[in-house]
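Enquirer: I'm passing along run_19.cif; it holds mmCIF, C-alpha atoms.
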```
data_model
#
loop_
_atom_site.label_atom_id
_atom_site.label_comp_id
_atom_site.auth_asym_id
_atom_site.auth_seq_id
_atom_site.Cartn_x
_atom_site.Cartn_y
_atom_site.Cartn_z
CA MET A 174 0.00 0.00 0.00
CA LEU A 175 2.86 2.34 0.79
CA LEU A 176 4.50 1.60 -2.55
CA TRP A 177 1.30 2.39 -4.41
CA ARG A 178 0.84 5.65 -2.50
CA LYS A 179 4.42 6.82 -3.02
CA PHE A 180 4.33 5.75 -6.66
CA GLU A 181 1.26 7.91 -7.28
CA GLU A 182 2.71 10.84 -5.36
CA LYS A 183 5.81 10.68 -7.55
CA CYS A 184 3.59 10.55 -10.65
CA ALA A 185 1.86 13.76 -9.52
CA ALA A 186 5.23 15.49 -9.15
CA LEU A 187 6.40 14.25 -12.55
CA TYR A 188 3.16 15.45 -14.14
CA ILE A 189 3.78 18.96 -12.85
CA GLN A 190 7.27 18.73 -14.37
CA GLN A 191 5.58 17.72 -17.67
CA LYS A 192 7.47 14.45 -17.80
CA ILE A 193 4.10 12.70 -17.71
CA ARG A 194 1.51 14.19 -20.06
CA GLY A 195 -2.12 13.78 -21.01
CA PHE A 196 -4.54 12.75 -18.28
CA LEU A 197 -3.45 11.46 -14.89
CA HIS A 198 -5.94 9.86 -12.48
CA LEU A 199 -4.46 8.99 -9.09
CA TYR A 200 -5.48 6.24 -6.64
CA ASN A 201 -4.42 7.91 -3.38
CA GLY A 202 -6.76 6.92 -0.55
CA GLN A 203 -8.17 3.79 -2.17
CA GLU A 204 -5.24 1.42 -1.53
CA ALA A 205 -7.05 -0.81 0.96
CA ILE A 206 -9.23 -2.15 -1.85
CA LEU A 207 -6.38 -3.69 -3.81
CA SER A 208 -4.65 -4.81 -0.62
CA GLY A 209 -7.77 -6.77 0.30
CA LEU A 210 -8.18 -8.05 -3.26
CA ILE A 211 -4.78 -9.67 -3.65
CA ASN A 212 -5.23 -11.53 -0.38
CA SER A 213 -8.42 -13.14 -1.71
CA ILE A 214 -7.61 -14.16 -5.28
CA ASP A 215 -5.13 -16.33 -7.12
CA VAL A 216 -3.11 -13.78 -9.09
CA LYS A 217 -1.70 -16.54 -11.30
CA LYS A 218 -5.07 -17.31 -12.88
CA ASP A 219 -7.73 -14.79 -11.78
CA LYS A 220 -8.24 -11.73 -13.95
CA VAL A 221 -8.88 -8.07 -13.25
CA ILE A 222 -10.25 -5.26 -15.37
CA THR A 223 -10.99 -1.65 -14.48
CA ALA A 224 -11.54 1.86 -15.82
CA TYR A 225 -8.94 4.61 -15.56
CA ARG A 226 -7.26 5.29 -12.18
CA CYS A 227 -5.46 2.09 -13.07
CA HIS A 228 -1.73 2.61 -12.45
CA VAL A 229 -1.38 0.48 -9.34
CA LEU A 230 -3.69 -2.40 -10.31
CA PRO A 231 -1.12 -4.19 -12.53
CA ILE A 232 1.51 -3.55 -9.84
CA ALA A 233 -0.75 -5.28 -7.33
CA MET A 234 -1.07 -8.20 -9.75
CA GLY A 235 2.72 -8.60 -9.97
CA LEU A 236 3.94 -6.32 -12.79
CA HIS A 237 7.14 -4.49 -11.87
CA PRO A 238 6.25 -0.81 -11.34
CA LYS A 239 9.06 0.38 -13.60
CA TYR A 240 7.05 -0.80 -16.61
CA VAL A 241 4.06 1.20 -15.41
CA MET A 242 6.21 4.30 -14.96
CA ALA A 243 7.68 3.84 -18.43
CA GLU A 244 4.16 3.59 -19.84
CA LEU A 245 3.25 6.86 -18.14
CA PHE A 246 6.30 8.44 -19.77
CA GLY A 247 5.17 7.13 -23.16
CA LYS A 248 8.30 5.02 -23.54
CA SER A 249 8.70 1.84 -25.61
CA THR A 250 9.54 -0.19 -22.50
CA GLY A 251 6.15 0.57 -21.01
CA SER A 252 3.57 -2.13 -20.35
CA SER A 253 1.68 -1.09 -23.51
CA LYS A 254 4.79 0.02 -25.43
CA GLY A 255 4.07 3.63 -24.52
CA LYS A 256 0.80 3.67 -26.48
CA GLY A 257 -1.67 3.36 -23.62
CA GLY A 258 -0.56 5.91 -21.08
CA SER A 259 -2.29 6.64 -17.80
CA MET A 260 -5.73 5.36 -18.77
CA HIS A 261 -4.82 2.07 -20.47
CA MET A 262 -2.53 -0.04 -18.31
CA PHE A 263 -2.50 -3.61 -19.57
CA SER A 264 -0.57 -6.77 -18.85
CA LYS A 265 -1.75 -10.09 -20.22
CA GLU A 266 1.13 -11.81 -18.42
CA PHE A 267 -0.18 -10.61 -15.07
CA ASN A 268 -3.88 -10.98 -15.92
CA CYS A 269 -4.60 -7.25 -15.99
CA TYR A 270 -6.95 -6.45 -18.88
CA GLY A 271 -7.08 -2.63 -18.62
CA GLY A 272 -7.36 0.31 -18.04
CA HIS A 273 -10.37 1.59 -20.11
CA GLY A 274 -11.19 5.23 -20.78
CA ILE A 275 -14.85 4.77 -21.76
CA VAL A 276 -16.99 5.08 -18.63
CA GLY A 277 -18.61 1.70 -18.03
CA GLY A 278 -17.02 0.20 -21.13
CA GLN A 279 -15.11 -2.36 -19.09
CA ILE A 280 -18.25 -3.82 -17.47
CA PRO A 281 -19.37 -6.07 -20.38
CA LEU A 282 -15.72 -6.86 -21.14
CA GLY A 283 -15.30 -8.17 -17.59
CA ALA A 284 -18.31 -10.42 -18.05
CA GLY A 285 -16.88 -11.57 -21.39
CA ILE A 286 -13.58 -12.57 -19.81
CA ALA A 287 -15.49 -14.53 -17.18
CA PHE A 288 -17.59 -16.19 -19.89
CA ALA A 289 -14.40 -17.32 -21.65
CA ASP A 290 -13.14 -18.97 -18.46
CA GLN A 291 -16.48 -20.64 -17.90
CA TYR A 292 -16.57 -21.85 -21.53
CA ASN A 293 -13.07 -23.28 -21.17
CA ASN A 294 -13.95 -25.04 -17.91
CA SER A 295 -11.52 -22.95 -15.90
CA ASP A 296 -12.24 -22.14 -12.28
CA ALA A 297 -10.68 -18.68 -12.68
CA VAL A 298 -12.60 -15.63 -11.47
CA THR A 299 -12.74 -12.16 -13.00
CA ILE A 300 -12.94 -9.03 -10.86
CA CYS A 301 -14.50 -6.14 -12.75
CA PHE A 302 -13.96 -2.73 -11.15
CA MET A 303 -16.00 0.38 -11.90
CA GLY A 304 -16.58 3.79 -10.39
CA ASP A 305 -19.77 5.16 -8.89
CA GLY A 306 -20.38 7.11 -12.11
CA ALA A 307 -20.22 3.99 -14.27
CA VAL A 308 -23.14 2.32 -12.49
CA ARG A 309 -25.41 4.89 -14.20
CA GLN A 310 -24.60 3.37 -17.59
CA GLY A 311 -27.24 1.18 -19.18
CA VAL A 312 -24.70 -1.48 -20.11
CA LEU A 313 -24.34 -2.34 -16.42
CA HIS A 314 -27.93 -3.56 -16.31
CA GLU A 315 -27.60 -5.58 -19.49
CA THR A 316 -24.43 -7.18 -18.15
CA PHE A 317 -25.92 -7.91 -14.72
CA ASN A 318 -28.84 -9.68 -16.37
CA MET A 319 -26.63 -11.83 -18.60
CA ALA A 320 -24.14 -12.59 -15.83
CA MET A 321 -26.88 -13.86 -13.54
CA ASN A 322 -28.63 -15.76 -16.31
CA TRP A 323 -25.41 -17.60 -17.21
CA LYS A 324 -23.99 -17.73 -13.66
CA LEU A 325 -20.73 -16.18 -14.80
CA PRO A 326 -17.71 -16.30 -12.46
CA VAL A 327 -17.38 -12.51 -12.17
CA ILE A 328 -17.30 -10.12 -9.23
CA PHE A 329 -18.52 -6.63 -10.01
CA VAL A 330 -16.91 -4.07 -7.74
CA CYS A 331 -18.03 -0.46 -7.50
CA GLU A 332 -15.24 1.63 -6.02
CA ASN A 333 -17.51 4.33 -4.62
CA ASN A 334 -15.21 7.24 -3.83
CA GLY A 335 -18.11 9.65 -3.60
CA TYR A 336 -17.75 11.52 -6.86
CA ALA A 337 -18.27 10.77 -10.54
CA MET A 338 -15.68 13.26 -11.77
CA GLY A 339 -17.06 16.19 -9.75
CA THR A 340 -20.66 15.08 -9.24
CA SER A 341 -21.57 13.51 -5.92
CA VAL A 342 -23.52 10.27 -5.79
CA ASP A 343 -26.60 11.85 -4.20
CA ARG A 344 -26.93 14.22 -7.18
CA THR A 345 -27.06 11.45 -9.80
CA ALA A 346 -29.74 9.11 -8.45
CA ASN A 347 -32.58 8.95 -5.94
CA HIS A 348 -30.65 6.42 -3.87
CA THR A 349 -27.16 6.45 -2.41
CA GLU A 350 -26.84 2.76 -1.58
CA ILE A 351 -25.41 1.60 -4.87
CA TRP A 352 -25.04 -2.05 -3.79
CA LYS A 353 -28.83 -2.41 -3.87
CA LEU A 354 -28.75 -2.34 -7.67
CA GLY A 355 -27.88 -6.03 -7.45
CA LEU A 356 -31.18 -6.81 -5.75
CA GLY A 357 -33.12 -6.26 -8.96
CA TYR A 358 -31.28 -9.22 -10.48
CA GLU A 359 -31.31 -11.37 -7.35
CA MET A 360 -27.53 -11.02 -7.39
CA PRO A 361 -25.74 -11.37 -4.03
CA CYS A 362 -24.67 -7.84 -3.13
CA ALA A 363 -23.36 -5.89 -0.16
CA PRO A 364 -21.71 -2.66 0.99
CA VAL A 365 -18.09 -2.92 2.13
CA ASP A 366 -15.84 -0.62 4.17
CA GLY A 367 -13.11 0.20 1.66
CA MET A 368 -10.79 1.94 4.11
CA LYS A 369 -9.79 -1.32 5.83
CA PRO A 370 -8.01 -4.11 3.91
CA GLU A 371 -9.44 -6.89 6.05
CA THR A 372 -13.08 -5.92 5.44
CA VAL A 373 -12.40 -5.90 1.71
CA ALA A 374 -10.58 -9.25 1.93
CA HIS A 375 -13.46 -10.91 3.79
CA ALA A 376 -16.07 -9.69 1.30
CA MET A 377 -13.90 -10.63 -1.67
CA ASP A 378 -13.14 -14.04 -0.23
CA THR A 379 -16.83 -14.88 0.07
CA ALA A 380 -17.55 -13.68 -3.46
CA VAL A 381 -14.56 -15.50 -4.97
CA LYS A 382 -15.49 -18.81 -3.35
CA ARG A 383 -19.04 -18.45 -4.61
CA ALA A 384 -17.87 -17.77 -8.17
CA ARG A 385 -15.41 -20.67 -8.16
CA LYS A 386 -18.17 -23.07 -7.17
CA GLY A 387 -20.17 -22.02 -10.21
CA GLU A 388 -22.77 -20.09 -8.23
CA GLY A 389 -22.44 -16.92 -10.27
CA PRO A 390 -21.61 -13.24 -9.80
CA THR A 391 -21.56 -10.90 -6.82
CA PHE A 392 -21.87 -7.12 -6.70
CA LEU A 393 -19.89 -5.25 -4.04
CA GLU A 394 -20.08 -1.54 -3.35
CA ILE A 395 -16.76 -0.75 -1.71
CA LYS A 396 -16.99 2.64 -0.05
CA THR A 397 -13.73 4.54 -0.27
CA TYR A 398 -12.39 8.02 -0.89
CA ARG A 399 -9.88 9.65 -3.22
CA TYR A 400 -7.66 12.37 -1.80
CA LYS A 401 -6.78 13.83 -5.17
CA GLY A 402 -9.07 15.28 -7.82
CA HIS A 403 -10.69 13.31 -10.59
CA SER A 404 -7.53 14.00 -12.56
CA MET A 405 -4.57 16.35 -12.14
CA SER A 406 -6.53 19.08 -13.96
CA ASP A 407 -9.41 18.94 -11.46
CA ALA A 408 -9.72 22.13 -9.37
CA GLN A 409 -12.00 20.27 -6.91
CA HIS A 410 -14.47 23.11 -6.38
CA TYR A 411 -17.17 20.57 -5.54
CA ARG A 412 -15.72 19.65 -2.13
CA THR A 413 -14.03 21.33 0.80
CA LYS A 414 -10.55 20.86 2.18
CA ASN A 415 -12.12 19.95 5.52
CA GLU A 416 -13.91 17.02 3.87
CA ILE A 417 -10.63 15.67 2.54
CA GLU A 418 -8.91 16.12 5.90
CA ASP A 419 -11.74 14.29 7.68
CA TYR A 420 -11.21 11.25 5.45
CA LYS A 421 -7.47 11.37 5.98
CA LYS A 422 -8.17 10.72 9.67
CA ILE A 423 -9.15 7.18 8.63
CA ASP A 424 -6.36 6.80 6.08
CA PRO A 425 -5.95 3.09 5.22
CA ILE A 426 -2.14 3.18 5.40
CA ASP A 427 -2.13 4.89 8.80
CA TYR A 428 -4.73 2.35 9.94
CA VAL A 429 -2.55 -0.62 8.97
CA LEU A 430 0.54 1.03 10.40
CA SER A 431 -1.19 1.47 13.76
CA ILE A 432 -2.08 -2.24 13.84
CA LEU A 433 1.46 -3.29 12.92
CA THR A 434 2.79 -1.12 15.74
CA LYS A 435 0.15 -1.93 18.35
CA LYS A 436 0.33 -5.68 17.87
CA GLN A 437 4.10 -5.60 17.38
CA TYR A 438 3.94 -7.29 13.99
CA ALA A 439 6.77 -4.99 12.89
CA SER A 440 9.41 -3.03 14.76
CA LYS A 441 10.21 0.63 14.19
CA ALA A 442 13.33 -0.50 12.33
CA ASP A 443 11.25 -2.81 10.10
CA ILE A 444 8.93 0.03 9.20
CA GLU A 445 11.75 2.46 8.50
CA ASN A 446 13.46 -0.14 6.33
CA THR A 447 10.27 -0.66 4.33
CA GLN A 448 9.90 3.07 3.83
CA LYS A 449 13.50 3.27 2.60
CA GLN A 450 13.01 0.36 0.20
CA VAL A 451 9.86 1.92 -1.21
CA LYS A 452 11.61 5.25 -1.79
CA GLU A 453 14.48 3.51 -3.59
CA LEU A 454 12.12 1.40 -5.72
CA VAL A 455 10.12 4.43 -6.85
CA GLN A 456 13.34 6.21 -7.84
CA GLU A 457 14.43 3.08 -9.73
CA CYS A 458 11.18 3.28 -11.69
CA VAL A 459 11.77 6.92 -12.57
CA ASP A 460 15.35 6.24 -13.65
CA PHE A 461 14.22 3.34 -15.82
CA ALA A 462 11.51 5.42 -17.47
CA GLU A 463 13.76 8.40 -18.12
CA SER A 464 16.52 6.27 -19.65
CA SER A 465 14.15 4.29 -21.89
CA PRO A 466 13.68 5.27 -25.54
CA PHE A 467 10.51 6.61 -27.08
CA PRO A 468 8.80 4.32 -29.62
CA SER A 469 10.00 4.56 -33.21
CA PRO A 470 7.63 6.12 -35.78
CA GLU A 471 7.04 2.66 -37.27
CA GLU A 472 5.30 1.65 -34.04
CA LEU A 473 2.31 3.71 -35.15
CA TYR A 474 1.40 0.85 -37.47
CA GLN A 475 1.97 -1.97 -35.01
CA ASP A 476 -0.76 -3.55 -32.83
CA VAL A 477 -3.42 -1.47 -34.59
CA TYR A 478 -6.12 -3.00 -36.78
CA ASP A 479 -5.99 -1.29 -40.17
CA GLY A 480 -8.39 -3.47 -42.13
CA PRO A 481 -8.11 -4.94 -45.63
CA TYR A 482 -7.70 -1.52 -47.29
CA ASN A 483 -4.84 -0.36 -45.07
CA PHE A 484 -6.67 2.83 -44.08
CA ILE A 485 -4.10 3.92 -41.51
CA LYS A 486 -1.11 3.92 -43.83
CA ASP A 487 -3.10 5.58 -46.60
#
```
Rewrite the structure of this file - the entire thing - as structure tokens.
Expert:
Amino acid sequence: MLLWRKFEEKCAALYIQQKIRGFLHLYNGQEAILSGLINSIDVKKDKVITAYRCHVLPIAMGLHPKYVMAELFGKSTGSSKGKGGSMHMFSKEFNCYGGHGIVGGQIPLGAGIAFADQYNNSDAVTICFMGDGAVRQGVLHETFNMAMNWKLPVIFVCENNGYAMGTSVDRTANHTEIWKLGLGYEMPCAPVDGMKPETVAHAMDTAVKRARKGEGPTFLEIKTYRYKGHSMSDAQHYRTKNEIEDYKKIDPIDYVLSILTKKQYASKADIENTQKQVKELVQECVDFAESSPFPSPEELYQDVYDGPYNFIKD
């Protein structure tokens, strides 16, 4: 969790320096979700898919963070050869299927990945993340219906951080308990405290076991909070500084740190050593990205479908 936080903080600094360009959506504050996730799944076979705010997900699944940093720099050594950038992190090797910029676009794709595993008689599970804004998309309802009808091994996870870009949840619907959307499809569903890794792990564990047994999907609304704006260009006029500070009082990293200290799971020296290692690893990622080459012009024509008439080259 500390690595993910420091990685994102470094990305913010690099963005200001214009070493990272385009859009940049940071995950600060939501780390407990992925911490709980990776303690409940088999990263060697289970798949994940998400929207943007996707830098740390492939890192959680096992991809070395230097390849994520290189991708953010637009370098050829990046996880998507520098072509995806902040919003399209992808690693087939580590079962991370995006990174998708279209709001809600990943929802049917997540169900499709789960269908493939079911068709191939695999007991793998797909975790499909979305934001609280994406649940307003009609494709969610179509996908929920099909997933329940076919008992697909997929877990739909709404990371409810309170705001769809800059619009609060209570301004977009006549209900604020998003998890109840699953009730209309008789899909097991529940709210989850997303500021504590263990509550996320327990909820995920139950859902994963259910999916592996062929009992179908689950919908979890994991309530969390993002400390940064929707993206680096967000002025955040829709919320107060006091609101952000109130949430920082229940910061997931501070929460875990207090448990490690209180129960003596780690000494002060252990913690300081971890902090040092994280700092060095983040700098290693930056050095790798800065020293990597940009893609050659010919790369424009690679990995892109150009059809029988070669439209792109023409």
Enquirer: For a cut-off of 10 Å around (5.4, -10.2, -21.6), file coordinates, pick out all residues using only C-alpha atoms and list them as a PyMOL selection string.
Expert: chain A and resi 236+252+264-267
Enquirer: Could you check which of A:Gly278, A:Asn333, A:Arg309, A:Thr434 is closest to Asn347 in chain A, using all atoms listed in the file?
Expert: A:Arg309
Enquirer: Starting from the PyMOL selection byres ((chain A and resi 324) around 10), expand the selection into actual residues of this file and give them as a list in words.
Expert: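 Applied to this file, the PyMOL selection byres ((chain A and resi 324) around 10) selects Ala287, Phe288, Gln291, Asn318, Met319, Ala320, Met321, Asn322, Trp323, Leu325, Pro326, Val327, Met360, Ala384, Gly387, Glu388, Gly389, Pro390 and Thr391 of chain A.
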Enquirer: So that I can check the surroundings of Pro468 in chain A, please list as a VMD selection string every protein, DNA and RNA residue that reaches within 9 Å of it, counting all atoms listed in the file and ignoring chain neighbours fewer than 4 positions away.
Expert: chain A and resid 247 to 250 254 to 256 472 to 473
Enquirer: For Ala462 in chain A, which of A:Val221, A:Met377, A:Leu176, A:Val241 is the closest residue, counting only C-alpha atoms?
Expert: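 Of the candidates, the smallest distance to Ala462 in chain A is held by A:Val241.
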Enquirer: As AutoDock Vina command-line options, please report the centre and edge lengths, rounded to one decimal in Å, of the axis-aligned box that holds all listed atoms of range 286-293 of chain A with 4 Å of padding on each of the six sides.
Expert:
```
--center_x -15.3 --center_y -17.9 --center_z -19.4 --size_x 12.5 --size_y 18.7 --size_z 12.5
```
Enquirer: Quick one: apply the PyMOL selection byres ((chain A and resi 342) around 12) to the file and drop the selected residues here as a PyMOL selection string.
Expert: chain A and resi 304-309+332-341+343-351+396
Enquirer: So how many Å separate CA of Ile275 in chain A and CA of Lys353 in chain A, to one decimal?
Expert: 23.8 Å
Enquirer: Could you list as a list in words every residue that has an atom within 10 Å of (-6.4, -16.2, -9.1), using the file's coordinates and counting only C-alpha atoms?
Expert: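 Nearby residues: Ile211, Asn212, Ser213, Ile214, Asp215, Val216, Lys217, Lys218, Asp219, Lys220, Val221, Met234, Asn268, Asp296, Ala297, Val298, Thr299, Ile300 and Val381 of chain A.
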Enquirer: Tell me, in Å to one decimal, how far CA of Trp177 in chain A is from CA of Ser431 in chain A.
Expert: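 It comes out at 18.4 Å.
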